[in-house]
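Colleague: First the structure, then my questions, so here it is.
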Amino acid sequence: MGTSALSVIDFGECLMSKSMNSIRGAVSFLLFVVFVVTIGSAGISPASATVPTNGTYSCPTGLASNTAPTFTISSGVVTGGSCSGPVVIPQGVTSIGSGAFFNNTALTSVTIPNSVTSIGSYAFYNNTALTSVTIPNSVTSIGSYAFGNNTALTSVTIPNSVTSIGSYAFYNNTALTSVTIPNSVTSIEFAAFFNNTALTSVTIPNSVTSIGSDAFYNNTSLTSVTIPNSVTSIGSGAFADTPLLTQYTYCGTALTEGQLVSAGLTGKTKLCAPVFVPPMLPSFAPSISLNNGVITCTIGEYSRTATSVAFSLFVDGNHVATNFSATGDYLPSWLAPWAAASTIQRGATLQSASWNIDIAGDASRASCWTLAYSNNATGLISSDQISLR
C-alpha cells in the first residue's frame with residue numbers, strides 16, 4: 001500500500017496550487033483511493049465485520065434498539081431474547097449462545113449472518129412456529145438441543161463447515177421431511193434426529209465415522225438409509241423403531257453383525273453383500289471327549305483367530321444342539337442354516353462348548369463340528385466320533 005499511498009499524496013500536493021474547489025476535489029479523491037487500496041489489501045469480508053456493541057437489538061431489524069421485542073448481544077454473543085415473527089441477527093455476531101431463543105414459540109424465521117461460527121445448546125429449542133432455517137457455512141458446531149422440538153420445521157440444510165451434530169440437535173422435529181448432511185460432518189451424536197416421524201430418507205456422507213445411540217430412533221416414516229463404509233461406530237438403537245425401513249445399504253466391514261443388530265437393523269435386508277475374505281482354513285480338527293457325563297468339544301485350529309464360534313453336537317448322525325461363543329460377534333443367520341433356532345444357545349467360549357450327556361438320549365456315538373467366524377470369513381470342520389457307551 002505504501003507506493004499507492006505516496007503516489008496519491010503526491011497527487012494531492014500537486015493540486016495545492018489550484019483553487020479551493022480543486023483542493024476539495026483532490027482530498028475527496030485521495031480519501032476514495034486510500035479506502036479502495038485498504039479494502040483491497042486487507043480483504044474485508046462480512047465474516048470479519050465489526051462486533052456489535054453490547055446491548056439490546058430489535059428482533060425484526062437487527063438494529064440497536066430498546067423497543068420490544070429485543071434480544072441481547074454481549075461480546076459478540078447473542079445471550080438471550082424474547083422474539084416473535086422474524087429475527088435478524090446482525091453481522092459481526094460470532095456465536096448464538098446457549099438458550100438464546102429458548103421457547104420463543106412465535107419466532108417464524110431467523111437470518112443468521114456468516115460471521116457466526118457456533119450455535120449453542122438449546123439456542124432455538126421449542127421454536128414451534130419456525131418453519132425453515134438456513135445455517136451459514138461459517139458455522140462449525142451445532143450444540144445439543146439447538147433446534148430441538150421445532151415441530152413446524154420442514155427442512156434444514158447443514159453447511160459443509162459443520163463437523164459435529166450435537167445430541168438431540170434436531171430432536172422431535174415431527175414435520176422435518178428432508179435433511180442434508182454435508183461431507184464435513186464426522187459424528188452424529190446421541191439422539192440427534194430422535195423422533196423425526198416425517199423424515200423419509202437420509203444419506204449419511206462418507207466423512208461420518210460415528211453414529212450415536214438413538215440417532216434416528218422412532219423415525220417412523222424412514223424408508224431408506226445408506227450407512228457409509230467410513231462408519232466404525234454405531235450406537236444401540238440408532239435406527240430402532242423404524243417400521244417402514246425394511247432394507248438399508250451398508251458395504252463396509254468395520255461394523256459387526258452384533259452392532260448392526262443392536263442399532264435396530266435386525267430383520268432388515270442389507271443390500272450390499274459382504275466384502276469377500278479368503279476362508280479360514282482349518283489346520284487341526286476339533287476334539288471331542290466324554291468325562292463324568294459331560295461331552296466337551298474344542299475349537300481345533302484355523303488359519304486366523306476366530307472372533308466367534310458355533311459348536312454343533314451330532315449324535316448318531318443327527319444334529320442335537322448348537323452353542324454360540326459367549327464372546328465376540330454374533331454369527332449372522334446365513335452362516336449356520338443347518339442350526340434350528342430352537343437348538344441355538346449362547347453357552348460357549350471361543351475355545352470350547354460342553355453338553356450334559358443326557359442330551360444324547362440313547363445314542364451310541366457323537367461328533368462335533370466347529371464353525372469359526374472372523375471378518376466375514378468362515379471355516380468349518382468336524383471332529384472324529386467317540387463312543388457314548
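Ordering of the C-alpha cells sets the chain letters (A, B, ...), residue numbers begin anew at 1 in every chain, and ligands are numbered from 1 in the order given.
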Would you mind writing down, as number ranges by chain, each residue of region 98-293 of chain A that DSSP on the backbone assigns to alpha helix (DSSP H)?
Modeller: A: 257-260
Colleague: Find the residues near Tyr250 (chain A): any atom within 8 Å, counting only C-alpha atoms, skip ones fewer than 4 places away on the same chain, and give them as a CSV table (one decimal) with C-alpha atoms, in the first residue's frame.
Modeller:
chain,number,residue,atom,x,y,z
A,226,THR,CA,-27.3,-45.5,3.4
A,227,ILE,CA,-24.5,-46.1,6.0
A,228,PRO,CA,-21.1,-45.3,4.5
A,229,ASN,CA,-18.1,-47.6,4.8
A,270,LYS,CA,-28.7,-55.4,3.9
A,271,LEU,CA,-28.4,-54.5,0.2
A,272,CYS,CA,-24.6,-54.9,-0.1
Colleague: What's the 7 Å shell around region 81-95 of chain A, counting only C-alpha atoms, without same-chain residues fewer than 5 positions away, as a PyMOL selection string?
Modeller: chain A and resi 46-52+59-62+69-72+76+100-101+104+106-113+115-119
Colleague: Include C-alpha atoms and write out the residues we just selected as a PDB file, in the first residue's frame.
Modeller:
ATOM      1  CA  PRO A  46     -18.799  -9.804   6.018  1.00  0.00           C
ATOM      2  CA  ALA A  47     -17.374 -12.552   8.216  1.00  0.00           C
ATOM      3  CA  SER A  48     -14.852 -10.087   9.672  1.00  0.00           C
ATOM      4  CA  ALA A  49     -17.354  -7.307  10.292  1.00  0.00           C
ATOM      5  CA  THR A  50     -17.083  -5.285  13.491  1.00  0.00           C
ATOM      6  CA  VAL A  51     -18.593  -6.973  16.530  1.00  0.00           C
ATOM      7  CA  PRO A  52     -21.790  -5.153  17.543  1.00  0.00           C
ATOM      8  CA  CYS A  59     -35.695  -8.732  16.692  1.00  0.00           C
ATOM      9  CA  PRO A  60     -37.135  -7.874  13.245  1.00  0.00           C
ATOM     10  CA  THR A  61     -34.404  -5.417  12.149  1.00  0.00           C
ATOM     11  CA  GLY A  62     -31.231  -6.494  13.924  1.00  0.00           C
ATOM     12  CA  PRO A  69     -39.257  -7.380  21.103  1.00  0.00           C
ATOM     13  CA  THR A  70     -35.475  -7.449  21.514  1.00  0.00           C
ATOM     14  CA  PHE A  71     -32.538  -9.782  22.012  1.00  0.00           C
ATOM     15  CA  THR A  72     -29.268  -9.090  23.780  1.00  0.00           C
ATOM     16  CA  GLY A  76     -20.359 -10.724  20.107  1.00  0.00           C
ATOM     17  CA  ALA A 100     -30.592 -17.606  23.292  1.00  0.00           C
ATOM     18  CA  PHE A 101     -34.074 -18.048  21.779  1.00  0.00           C
ATOM     19  CA  ASN A 104     -39.664 -18.399  21.550  1.00  0.00           C
ATOM     20  CA  ALA A 106     -43.865 -17.261  17.946  1.00  0.00           C
ATOM     21  CA  LEU A 107     -40.490 -16.914  16.190  1.00  0.00           C
ATOM     22  CA  THR A 108     -41.151 -17.661  12.485  1.00  0.00           C
ATOM     23  CA  SER A 109     -37.813 -17.155  10.721  1.00  0.00           C
ATOM     24  CA  VAL A 110     -34.222 -16.322  11.525  1.00  0.00           C
ATOM     25  CA  THR A 111     -31.437 -14.721   9.499  1.00  0.00           C
ATOM     26  CA  ILE A 112     -28.022 -15.878  10.709  1.00  0.00           C
ATOM     27  CA  PRO A 113     -25.009 -13.920   9.353  1.00  0.00           C
ATOM     28  CA  SER A 115     -19.873 -14.217  10.989  1.00  0.00           C
ATOM     29  CA  VAL A 116     -21.451 -16.804  13.317  1.00  0.00           C
ATOM     30  CA  THR A 117     -19.238 -19.835  13.965  1.00  0.00           C
ATOM     31  CA  SER A 118     -21.235 -21.708  16.621  1.00  0.00           C
ATOM     32  CA  ILE A 119     -24.838 -22.287  17.620  1.00  0.00           C
TER      33      ILE A 119
END
Colleague: What are the DSSP strand (DSSP E or B) residues of region 111-340 of chain A, as a CSV table (one decimal) with N, CA and C atoms, in the first residue's frame?
Modeller:
chain,number,residue,atom,x,y,z
A,111,THR,N,-32.5,-15.0,10.4
A,111,THR,CA,-31.4,-14.7,9.5
A,111,THR,C,-30.1,-14.7,10.3
A,118,SER,N,-20.7,-20.6,15.8
A,118,SER,CA,-21.2,-21.7,16.6
A,118,SER,C,-22.7,-21.4,17.0
A,119,ILE,N,-23.5,-22.4,17.1
A,119,ILE,CA,-24.8,-22.3,17.6
A,119,ILE,C,-24.9,-23.1,18.9
A,132,SER,N,-38.5,-22.9,8.7
A,132,SER,CA,-37.2,-23.2,7.9
A,132,SER,C,-36.1,-22.4,8.5
A,133,VAL,N,-34.9,-22.9,8.3
A,133,VAL,CA,-33.7,-22.2,8.7
A,133,VAL,C,-32.5,-22.5,7.8
A,134,THR,N,-31.8,-21.5,7.5
A,134,THR,CA,-30.6,-21.6,6.7
A,134,THR,C,-29.4,-21.3,7.6
A,141,SER,N,-20.1,-25.8,14.6
A,141,SER,CA,-20.7,-26.7,15.5
A,141,SER,C,-22.1,-26.3,15.8
A,142,ILE,N,-22.9,-27.3,16.0
A,142,ILE,CA,-24.3,-27.2,16.4
A,142,ILE,C,-24.5,-27.9,17.7
A,155,SER,N,-37.6,-28.4,6.7
A,155,SER,CA,-36.4,-28.8,6.0
A,155,SER,C,-35.2,-28.0,6.6
A,156,VAL,N,-34.0,-28.6,6.5
A,156,VAL,CA,-32.9,-27.9,7.1
A,156,VAL,C,-31.7,-28.3,6.2
A,157,THR,N,-30.8,-27.4,5.9
A,157,THR,CA,-29.6,-27.7,5.2
A,157,THR,C,-28.4,-27.3,6.1
A,164,SER,N,-19.7,-31.6,13.6
A,164,SER,CA,-20.4,-32.4,14.5
A,164,SER,C,-21.8,-31.9,14.8
A,165,ILE,N,-22.8,-32.8,14.8
A,165,ILE,CA,-24.1,-32.5,15.1
A,165,ILE,C,-24.4,-33.0,16.5
A,178,SER,N,-36.9,-33.6,5.1
A,178,SER,CA,-35.6,-33.7,4.5
A,178,SER,C,-34.5,-33.0,5.3
A,179,VAL,N,-33.4,-33.6,5.2
A,179,VAL,CA,-32.2,-33.1,5.9
A,179,VAL,C,-31.0,-33.4,5.0
A,180,THR,N,-30.1,-32.4,4.8
A,180,THR,CA,-28.9,-32.6,4.1
A,180,THR,C,-27.7,-32.6,5.0
A,187,SER,N,-19.3,-36.8,13.0
A,187,SER,CA,-20.0,-37.5,14.0
A,187,SER,C,-21.5,-37.0,14.2
A,188,ILE,N,-22.4,-37.9,14.3
A,188,ILE,CA,-23.8,-37.6,14.5
A,188,ILE,C,-24.1,-38.1,16.0
A,201,SER,N,-36.1,-40.3,4.2
A,201,SER,CA,-34.8,-40.9,3.8
A,201,SER,C,-33.7,-40.0,4.3
A,202,VAL,N,-32.5,-40.6,4.5
A,202,VAL,CA,-31.3,-39.9,4.9
A,202,VAL,C,-30.1,-40.6,4.3
A,203,THR,N,-29.2,-39.7,3.8
A,203,THR,CA,-28.0,-40.2,3.2
A,203,THR,C,-26.9,-39.7,4.1
A,210,SER,N,-18.9,-42.0,13.2
A,210,SER,CA,-19.6,-42.5,14.3
A,210,SER,C,-21.1,-42.0,14.3
A,211,ILE,N,-22.0,-42.9,14.6
A,211,ILE,CA,-23.4,-42.5,14.7
A,211,ILE,C,-23.8,-42.9,16.1
A,224,SER,N,-35.5,-45.5,3.7
A,224,SER,CA,-34.2,-45.9,3.2
A,224,SER,C,-33.1,-45.1,3.9
A,225,VAL,N,-32.0,-45.8,4.0
A,225,VAL,CA,-30.8,-45.2,4.7
A,225,VAL,C,-29.6,-45.8,4.1
A,226,THR,N,-28.5,-45.0,3.9
A,226,THR,CA,-27.3,-45.5,3.4
A,226,THR,C,-26.2,-45.2,4.5
A,227,ILE,N,-25.6,-46.3,5.0
A,227,ILE,CA,-24.5,-46.1,6.0
A,227,ILE,C,-23.2,-46.3,5.3
A,233,SER,N,-18.3,-46.9,14.2
A,233,SER,CA,-19.0,-47.0,15.5
A,233,SER,C,-20.5,-46.6,15.3
A,234,ILE,N,-21.4,-47.4,15.8
A,234,ILE,CA,-22.8,-47.1,15.7
A,234,ILE,C,-23.4,-47.5,17.0
A,247,GLN,N,-35.1,-52.2,4.4
A,247,GLN,CA,-33.8,-52.5,3.9
A,247,GLN,C,-32.9,-51.3,4.1
A,248,TYR,N,-31.6,-51.6,4.1
A,248,TYR,CA,-30.6,-50.5,4.2
A,248,TYR,C,-29.4,-50.9,3.4
A,249,THR,N,-28.5,-49.9,3.1
A,249,THR,CA,-27.3,-50.1,2.4
A,249,THR,C,-26.1,-49.9,3.3
A,250,TYR,N,-25.3,-51.0,3.4
A,250,TYR,CA,-24.0,-50.9,4.1
A,250,TYR,C,-23.1,-51.9,3.5
A,269,THR,N,-33.2,-56.0,5.4
A,269,THR,CA,-32.3,-56.5,4.4
A,269,THR,C,-31.1,-55.6,4.2
A,270,LYS,N,-29.9,-56.2,4.2
A,270,LYS,CA,-28.7,-55.4,3.9
A,270,LYS,C,-28.4,-55.6,2.4
A,282,PRO,N,-9.0,-74.6,8.2
A,282,PRO,CA,-8.7,-75.4,9.4
A,282,PRO,C,-7.4,-76.2,9.2
A,283,SER,N,-6.6,-76.1,10.3
A,283,SER,CA,-5.3,-76.9,10.3
A,283,SER,C,-5.3,-78.0,11.2
A,284,PHE,N,-6.1,-78.0,12.3
A,284,PHE,CA,-6.3,-79.1,13.2
A,284,PHE,C,-7.8,-79.2,13.4
A,288,ILE,N,-13.3,-84.0,20.6
A,288,ILE,CA,-14.5,-84.3,21.4
A,288,ILE,C,-14.1,-85.3,22.4
A,289,SER,N,-14.6,-85.1,23.7
A,289,SER,CA,-14.3,-86.0,24.8
A,289,SER,C,-15.5,-86.2,25.7
A,290,LEU,N,-15.5,-87.2,26.4
A,290,LEU,CA,-16.6,-87.5,27.4
A,290,LEU,C,-16.0,-87.7,28.7
A,291,ASN,N,-16.3,-86.9,29.7
A,291,ASN,CA,-15.8,-87.1,31.1
A,291,ASN,C,-16.9,-86.8,32.1
A,294,VAL,N,-20.2,-85.4,30.8
A,294,VAL,CA,-20.2,-84.2,30.1
A,294,VAL,C,-19.4,-84.3,28.8
A,295,ILE,N,-20.0,-84.0,27.7
A,295,ILE,CA,-19.4,-84.0,26.4
A,295,ILE,C,-18.8,-82.6,26.1
A,296,THR,N,-17.5,-82.6,25.8
A,296,THR,CA,-16.8,-81.3,25.5
A,296,THR,C,-16.2,-81.3,24.1
A,297,CYS,N,-16.4,-80.2,23.4
A,297,CYS,CA,-15.9,-80.1,22.1
A,297,CYS,C,-15.0,-78.8,22.1
A,298,THR,N,-13.7,-79.0,21.6
A,298,THR,CA,-12.8,-77.8,21.5
A,298,THR,C,-12.7,-77.4,20.0
A,301,GLU,N,-8.0,-75.7,15.3
A,301,GLU,CA,-7.1,-74.6,14.9
A,301,GLU,C,-7.4,-74.2,13.5
A,302,TYR,N,-7.5,-72.8,13.3
A,302,TYR,CA,-7.8,-72.3,11.9
A,302,TYR,C,-6.6,-71.3,11.5
A,308,SER,N,-15.8,-65.4,16.7
A,308,SER,CA,-17.0,-66.0,17.1
A,308,SER,C,-17.0,-67.5,16.6
A,309,VAL,N,-17.5,-68.4,17.4
A,309,VAL,CA,-17.5,-69.8,17.0
A,309,VAL,C,-18.9,-70.4,17.4
A,310,ALA,N,-19.3,-71.3,16.4
A,310,ALA,CA,-20.5,-72.1,16.7
A,310,ALA,C,-20.0,-73.6,16.9
A,311,PHE,N,-20.5,-74.2,18.0
A,311,PHE,CA,-20.1,-75.6,18.2
A,311,PHE,C,-21.4,-76.4,18.1
A,312,SER,N,-21.5,-77.4,17.2
A,312,SER,CA,-22.7,-78.2,17.0
A,312,SER,C,-22.4,-79.6,17.3
A,313,LEU,N,-23.3,-80.2,18.1
A,313,LEU,CA,-23.2,-81.6,18.6
A,313,LEU,C,-24.1,-82.5,17.7
A,314,PHE,N,-23.5,-83.6,17.2
A,314,PHE,CA,-24.3,-84.6,16.4
A,314,PHE,C,-24.2,-85.9,17.1
A,315,VAL,N,-25.3,-86.6,17.3
A,315,VAL,CA,-25.3,-87.9,17.9
A,315,VAL,C,-26.0,-88.9,16.9
A,318,ASN,N,-27.4,-87.3,13.9
A,318,ASN,CA,-28.4,-86.3,14.0
A,318,ASN,C,-27.9,-85.0,14.7
A,319,HIS,N,-28.3,-83.9,14.2
A,319,HIS,CA,-27.9,-82.6,14.9
A,319,HIS,C,-28.8,-82.4,16.1
A,320,VAL,N,-28.1,-82.2,17.3
A,320,VAL,CA,-28.8,-82.1,18.6
A,320,VAL,C,-28.8,-80.7,19.1
A,321,ALA,N,-27.7,-80.0,19.0
A,321,ALA,CA,-27.6,-78.7,19.6
A,321,ALA,C,-26.5,-77.9,19.0
A,322,THR,N,-26.7,-76.5,19.0
A,322,THR,CA,-25.6,-75.6,18.6
A,322,THR,C,-25.4,-74.6,19.7
A,323,ASN,N,-24.2,-74.4,20.2
A,323,ASN,CA,-23.9,-73.3,21.1
A,323,ASN,C,-23.0,-72.3,20.5
A,324,PHE,N,-23.4,-71.0,20.6
A,324,PHE,CA,-22.5,-69.9,20.0
A,324,PHE,C,-21.6,-69.4,21.1
A,325,SER,N,-20.4,-69.0,20.7
A,325,SER,CA,-19.5,-68.4,21.7
A,325,SER,C,-20.1,-67.3,22.5
Colleague: Counting only C-alpha atoms, which residue out of A:Thr232, A:Asn114, A:Ser121, A:Thr223 sits closest to Gln259 (chain A)?
Modeller: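 Closest to Gln259 (chain A) of all the choices is A:Thr232.
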Colleague: Just the residues within 8 Å of Phe194 (chain A), please, counting only C-alpha atoms, with nothing from its chain fewer than 4 positions along; format it as a list in words.
Modeller: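 Using only C-alpha atoms, the neighbours found are Tyr168, Phe170, Tyr171, Asn172, Asp214, Ala215, Phe216, Tyr217, Asn218 and Asn219 of chain A.
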Colleague: With N, CA and C atoms kept, could you save the residues just selected as a PDB file, in the first residue's frame?
Modeller:
ATOM      1  N   TYR A 168     -29.402 -34.609  20.389  1.00  0.00           N
ATOM      2  CA  TYR A 168     -30.744 -34.039  20.365  1.00  0.00           C
ATOM      3  C   TYR A 168     -30.824 -32.743  19.550  1.00  0.00           C
ATOM      4  N   PHE A 170     -31.680 -31.962  16.575  1.00  0.00           N
ATOM      5  CA  PHE A 170     -32.925 -31.810  15.812  1.00  0.00           C
ATOM      6  C   PHE A 170     -33.990 -32.762  16.368  1.00  0.00           C
ATOM      7  N   TYR A 171     -34.010 -32.909  17.646  1.00  0.00           N
ATOM      8  CA  TYR A 171     -34.917 -33.814  18.345  1.00  0.00           C
ATOM      9  C   TYR A 171     -36.375 -33.405  18.169  1.00  0.00           C
ATOM     10  N   ASN A 172     -37.236 -34.375  17.918  1.00  0.00           N
ATOM     11  CA  ASN A 172     -38.686 -34.195  17.884  1.00  0.00           C
ATOM     12  C   ASN A 172     -39.142 -33.154  16.863  1.00  0.00           C
ATOM     13  N   ASP A 214     -29.525 -44.045  19.406  1.00  0.00           N
ATOM     14  CA  ASP A 214     -30.841 -43.416  19.198  1.00  0.00           C
ATOM     15  C   ASP A 214     -30.808 -42.255  18.214  1.00  0.00           C
ATOM     16  N   ALA A 215     -29.766 -42.171  17.384  1.00  0.00           N
ATOM     17  CA  ALA A 215     -29.599 -41.020  16.484  1.00  0.00           C
ATOM     18  C   ALA A 215     -30.817 -40.800  15.601  1.00  0.00           C
ATOM     19  N   PHE A 216     -31.402 -41.886  15.071  1.00  0.00           N
ATOM     20  CA  PHE A 216     -32.579 -41.788  14.207  1.00  0.00           C
ATOM     21  C   PHE A 216     -33.721 -42.642  14.785  1.00  0.00           C
ATOM     22  N   TYR A 217     -33.770 -42.724  16.080  1.00  0.00           N
ATOM     23  CA  TYR A 217     -34.782 -43.546  16.754  1.00  0.00           C
ATOM     24  C   TYR A 217     -36.190 -43.020  16.493  1.00  0.00           C
ATOM     25  N   ASN A 218     -37.128 -43.933  16.264  1.00  0.00           N
ATOM     26  CA  ASN A 218     -38.540 -43.619  16.066  1.00  0.00           C
ATOM     27  C   ASN A 218     -38.776 -42.711  14.862  1.00  0.00           C
ATOM     28  N   ASN A 219     -37.968 -42.871  13.836  1.00  0.00           N
ATOM     29  CA  ASN A 219     -38.231 -42.190  12.564  1.00  0.00           C
ATOM     30  C   ASN A 219     -39.192 -43.089  11.790  1.00  0.00           C
TER      31      ASN A 219
END
Colleague: Neighbours of Leu281 (chain A) within 10 Å (only C-alpha atoms; same-chain residues fewer than 2 positions away dropped), as an MDAnalysis selection string?
Modeller: chainID A and resid 278:279 283:284 301:304 372 377:381
Colleague: Give me, please, the distance in Å between CA of Ala146 (chain A) and CA of Ala129 (chain A), quoted to one decimal.
Modeller: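 CA of Ala129 (chain A) lies 15.0 Å from CA of Ala146 (chain A).
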Colleague: What's the 8 Å shell around Leu199 (chain A), counting only C-alpha atoms, without same-chain residues fewer than 5 positions away, as a ChimeraX atom specification?
Modeller: /A:174-178,219-222
Colleague: What does the structure give for the distance between CA of Gln351 (chain A) and CA of Asp384 (chain A), in Å to one decimal?
Modeller: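 Computing it gives 17.3 Å between the two atoms.
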Colleague: From the set A:Ala366, A:Leu371, A:Leu350, A:Ala285, which residue has the shortest atom-to-atom contact distance to Gln385 (chain A), counting only C-alpha atoms?
Modeller: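 For Gln385 (chain A), the nearest of the given residues is A:Ala366.
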Colleague: In Å, with one decimal, what is the gap from CA of Ser74 (chain A) to CA of Gly55 (chain A)?
Modeller: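 One can read the CA of Ser74 (chain A) to CA of Gly55 (chain A) distance as 6.7 Å.
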Colleague: Name the residues in contact with Val162 (chain A) at a cut-off of 9 Å, using only C-alpha atoms, excluding same-chain residues fewer than 5 positions from it; report them as a list in words.
Modeller: Asn137, Ser138, Val139, Thr140, Ser141, Ile142, Pro182, Asn183, Ser184, Val185 and Thr186 of chain A
